[in-house]
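Here is the structure we will look at.
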Amino acid sequence: MQQGINPYLPSFEYIPDGEPYVFDNRVYLYGSHDKFNGYAFCLNDYVCWSAPVNDLADWRYEGCIYKKTDDPRNSDGEMCLYAPDVAKGPDGRYYLYYVLDKQQIVSVAVCETPAGKYEYYGDVHYEDGTLLGNQAGDEPQFDPALLVEGDTVYLYTGSCMTGDASRKGAKVTVLASDMITITESSKVVAPSDSYGKGTGFEGHEFFEGSSIRKWGDTYYFIYSSINYHELCYATSKSPTHGFKYRGTIISNNDSYIDTYKPSELAMYFGGNNHGSIVNIKDKWYVFYHRHTNGTCFSRQGCMEPIEILEDGTIPQVEMTSCGPNCGPLIGNGEYPAYLACNLFCIDIEPSMPGPGDWMDCRFPKITQEGKDGDEEIGYIANMREGAVAGFKYFDCRGVKEITIKARGGWGGAFKVMTTWNGHELGSIPVKMMNEWTEYSAPISVPDGVQALYFKYVGYGSVSLASFRLDC
């Protein structure tokens, strides 16, 4: 059985906003679909991937399940399909909920199987036919999330930019068993920042990215907060009210983690986040996404094991290279550089970039060759003086030599460490080369579970394709 790595899908696939579900002993992954080198969010059609529950390294492409032109309002394909969700209805069919980028309503498609061809079904509406989002007092719909209990369906939606008092927060709307007709009007379940004071959500109010799960008698509302980079959660004993903020599950720049670095020090160039949690064979995982290619528009899905404690809380977990593996990777053999879970410059704090900062030539980035859809292996580009790529974790036993594959630069070296700012284990000199070239050095890694950090010191811009550990 092969090892599980992050990102869990091939490095040429860009599926953010992951909503994982287990149907018939397979994990099905639904989400938006970015383009490599895209110029906007969610430019591609919906596709689906799945994996057997006993092997989270064996993902299978299920194909395109819904095209943006399948919606009758979008026959010209001008509008994008934003983050979707899927639910199995009382009738045993599968329902796909989505919002088009220039609409403020929730549309629905239906299919007999989890990953077949979905067909347009209709739009969520009140009993008089008015569409949700169009009635006076409705807020624009965004990022739908679904929970089905018996014949009752709960729909969670919302998008609330900071400072916009016209948006009150994430809302839940109750639907009938037909999956589309409203039986109870919308109620706020998590406040926007304009209404957060005194709620317990202060500093982590709702932004977007609603997701909902139930475990035992507790409902977990997962969402992207006003801090963008974090997935937070709130819990309640009811699906429609009483949600209390509980914490952060994961941050896509590892903010707040203080086990291996200062709490507020970001270790990746983070951005918006969206995902959810799922129970697979009695283990819980969080699915989230990271940003690549030096933009906001080429996002990739990652996953990490999590714990739900007896009191219902979920301790925050780190971004790792080995999340689907549920343990360290083997400390022997070759690994691609796109597995980097830490990527930053020593002299540039890697917080969420502002407008235009993504294209800053100082920043390293995970990217690939070719165009969108080309099955090219990812790599790290633009590693300049002080750039660090970190990989976690490996079970190292007797590592005596490390080989890297790199290109570019004007001469320098990669210093190897087991902590991001720690003692140097050794150095791998590199020359200026226009083609991928291997460089080796005798470097001993202490036995045990270790992180590996490669820091570039030298001239020019270097790309890193892979590294190999030899015992």
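So you can find residues: chains in the structure tokens are A, B, ... in the order shown, residues in each start at 1, and ligands are numbered from 1 in order.
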If we count only C-alpha atoms, what is near Gly460 in chain A at a cut-off of 9 Å, once residues fewer than 3 positions away on the same chain are taken out, given as a compact mmCIF listing (two decimals) with C-alpha atoms, in the first residue's frame?
```txt
# COMPACT_ATOMS: atom_id res chain seq x y z
CA ASN A 382 11.69 30.92 -6.77
CA MET A 383 13.69 29.88 -3.73
CA ARG A 384 15.95 32.85 -3.06
CA GLU A 385 18.32 33.76 -0.26
CA GLY A 408 18.56 27.51 -11.74
CA GLY A 409 20.39 29.84 -9.41
CA TRP A 410 23.84 31.38 -9.63
CA GLY A 411 25.46 29.17 -7.06
CA GLY A 412 24.72 28.52 -3.41
CA MET A 432 23.91 27.22 -11.83
```
_All strand (DSSP E) positions in range 351-467 of chain A, as an MDAnalysis selection string_ = chainID A and resid 365:367 379:383 387:396 401:408 412:417 424:430 433:441 448:458 462:467
_Using only C-alpha atoms, can you tell me which of A:Phe201, A:Tyr94, A:Tyr82, A:Trp49 comes closest to Tyr121 in chain A?_
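Looking only at the distances to Tyr121 in chain A, the closest residue turns out to be A:Tyr94.
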*Coordinates-based distance that separates CA of Asp178 in chain A from CA of Tyr95 in chain A (Å, one decimal)*: 10.3 Å
Please produce, as a Markdown table, a per-residue contact table for range 9-56 of chain A versus range 127-150 of chain A (criterion: any atom at most 12 Å away, only C-alpha atoms considered), showing the nearest atom pair and its distance in Å to one decimal, sorted by chain then residue number.
```
| residue | atom | partner | partner_atom | distance |
| --- | --- | --- | --- | --- |
| A:Asp17 | CA | A:Asp143 | CA | 9.1 |
| A:Gly18 | CA | A:Ala145 | CA | 11.4 |
| A:Glu19 | CA | A:Ala145 | CA | 9.0 |
| A:Pro20 | CA | A:Ala145 | CA | 11.8 |
| A:Tyr21 | CA | A:Leu147 | CA | 11.6 |
| A:Tyr30 | CA | A:Ala145 | CA | 11.7 |
| A:Gly31 | CA | A:Asp143 | CA | 10.4 |
| A:Ser32 | CA | A:Asp143 | CA | 10.1 |
```
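Closest approach to Tyr14 in chain A from the set A:Asn54, A:Asn37, A:Ser255, A:Thr248 is made by A:Asn37, with distances taken over only C-alpha atoms.
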_Considering only C-alpha atoms, can you say which of A:Val278, A:Ile249, A:Ser107, A:Ser185 comes closest to Tyr126 in chain A?_
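With only C-alpha atoms as the atom set, the closest residue is A:Ser185.
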*asked:* Let me make sure I understand: among A:Glu208, A:Asp123, A:Glu376, A:Glu184, which one has the smallest atom-to-atom distance to Met161 in chain A if we use only C-alpha atoms?
replied: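 Checking each of A:Glu208, A:Asp123, A:Glu376, A:Glu184 against Met161 in chain A, counting only C-alpha atoms, the winner is A:Glu208.
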*Name the residues of range 258-395 of chain A that fall into helix (DSSP H, G or I) according to DSSP on the backbone, using the chain letters and numbers of this document, as number ranges by chain.*
A: 323-325, 337-339, 357-359
Residues of range 191-259 of chain A that have any atom at most 10 Å from an atom of range 333-348 of chain A: could you tabulate them with the shortest-distance atom pair and the distance in Å to one decimal, using only C-alpha atoms, ordered by chain and increasing number, as a tab-separated table?
```
residue	atom	partner	partner_atom	distance
A:Asn252	CA	A:Cys341	CA	9.1
A:Asn253	CA	A:Asn342	CA	7.9
A:Asp254	CA	A:Asn342	CA	8.7
```
Selected residues, C-alpha atoms, written as an mmCIF file, in the first residue's frame, please.
```
data_model
loop_
_atom_site.group_PDB
_atom_site.id
_atom_site.type_symbol
_atom_site.label_atom_id
_atom_site.label_comp_id
_atom_site.auth_asym_id
_atom_site.auth_seq_id
_atom_site.Cartn_x
_atom_site.Cartn_y
_atom_site.Cartn_z
ATOM 1 C CA ASN A 252 -3.433 27.140 6.392
ATOM 2 C CA ASN A 253 -0.435 29.113 7.617
ATOM 3 C CA ASP A 254 -0.239 27.321 11.008
#
```
*Pick out the residues sitting within 6 Å of Ile404 in chain A, and hand them over as number ranges by chain; count only C-alpha atoms, and ignore anything fewer than 2 positions along from it in its own chain.*
A: 438-439, 466-467
Keeping only N, CA and C atoms, take the residues you just selected and write them out as a CSV table (one decimal), in the first residue's frame.
```csv
chain,number,residue,atom,x,y,z
A,438,GLU,N,20.9,16.6,-10.0
A,438,GLU,CA,21.0,16.0,-8.7
A,438,GLU,C,22.3,16.4,-8.0
A,439,TYR,N,22.1,16.8,-6.7
A,439,TYR,CA,23.3,17.1,-5.9
A,439,TYR,C,23.1,16.3,-4.6
A,466,SER,N,12.7,17.8,-5.8
A,466,SER,CA,12.6,16.6,-4.9
A,466,SER,C,13.8,16.5,-4.0
A,467,PHE,N,13.7,15.6,-3.0
A,467,PHE,CA,14.8,15.2,-2.2
A,467,PHE,C,14.7,13.7,-1.9
```
*Write out as a PyMOL selection string each polymer residue whose atoms come within 7 Å of range 417-420 of chain A, counting only C-alpha atoms; drop sequence neighbours fewer than 6 positions from it.*
chain A and resi 450-454
Any chance you can output those residues with N, CA and C atoms as an mmCIF file, in the first residue's frame?
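Below you can see result03.cif, which holds the result:
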```cif
data_model
loop_
_atom_site.group_PDB
_atom_site.id
_atom_site.type_symbol
_atom_site.label_atom_id
_atom_site.label_comp_id
_atom_site.auth_asym_id
_atom_site.auth_seq_id
_atom_site.Cartn_x
_atom_site.Cartn_y
_atom_site.Cartn_z
ATOM 1 N N GLN A 450 11.143 12.990 12.544
ATOM 2 C CA GLN A 450 11.780 14.290 12.320
ATOM 3 C C GLN A 450 11.055 15.093 11.251
ATOM 4 N N ALA A 451 11.084 16.411 11.408
ATOM 5 C CA ALA A 451 10.773 17.324 10.315
ATOM 6 C C ALA A 451 12.071 17.589 9.554
ATOM 7 N N LEU A 452 11.955 17.952 8.277
ATOM 8 C CA LEU A 452 13.121 18.300 7.475
ATOM 9 C C LEU A 452 12.899 19.662 6.839
ATOM 10 N N TYR A 453 13.884 20.550 7.026
ATOM 11 C CA TYR A 453 13.814 21.895 6.462
ATOM 12 C C TYR A 453 15.018 22.122 5.558
ATOM 13 N N PHE A 454 14.740 22.678 4.366
ATOM 14 C CA PHE A 454 15.794 22.994 3.393
ATOM 15 C C PHE A 454 15.805 24.507 3.194
#
```
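Compared by their closest atoms to Lys35 in chain A, and using only C-alpha atoms, the residues A:Glu13, A:Asp58, A:Asp85, A:Glu318 rank with A:Glu13 nearest.
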*Within 9 Å of Tyr61 in chain A, counting only C-alpha atoms, which residues show up once you throw out same-chain ones fewer than 5 positions away? Write them as a list in words, please.*
Val47, Cys48, Trp49 and Ser50 of chain A
What would the file look like if the residues just selected were written as a PDB file, in the first residue's frame with C-alpha atoms?
```pdb
ATOM      1  CA  VAL A  47     -15.355  16.899 -10.811  1.00  0.00           C
ATOM      2  CA  CYS A  48     -15.290  14.185  -8.169  1.00  0.00           C
ATOM      3  CA  TRP A  49     -12.556  11.981  -6.713  1.00  0.00           C
ATOM      4  CA  SER A  50     -13.025   9.020  -4.410  1.00  0.00           C
TER       5      SER A  50
END
```
*Could you name the residues that touch Asp470 in chain A at 12 Å or less, counting only C-alpha atoms, but leaving out those on the same chain fewer than 6 positions away, as a list in words?*
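Answer for this query is Ile330, Gly331, Asn332, Gly333, Glu334, Tyr335, Cys396, Arg397, Gly398, Val399, Lys400, Glu401, Ile402, Thr403, Ile404, Ser440, Ala441, Pro442, Ile443, Ser444 and Val445 of chain A.
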_Residue nearest Gly386 in chain A among A:Gly323, A:Lys405, A:Val430, A:Val462 (counting only C-alpha atoms)_ =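 The shortest atom-to-atom distance to Gly386 in chain A comes from A:Val462.
Picture a line from CA of Arg290 in chain A to CA of Gly426 in chain A; it runs 29.6 Å.
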*asked:* Can you pull out the residues contacting Cys326 in chain A? Cut-off 8 Å, using only C-alpha atoms, and skip same-chain residues under 4 positions away; I want them as a list in words.
replied: Gly4, Glu304, Pro305 and Cys322 of chain A
_Could you tell me how far CA of Phe287 in chain A sits from CA of Gly275 in chain A, in Å to one decimal place?_
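Rounded to one decimal, the two atoms are 5.2 Å apart.
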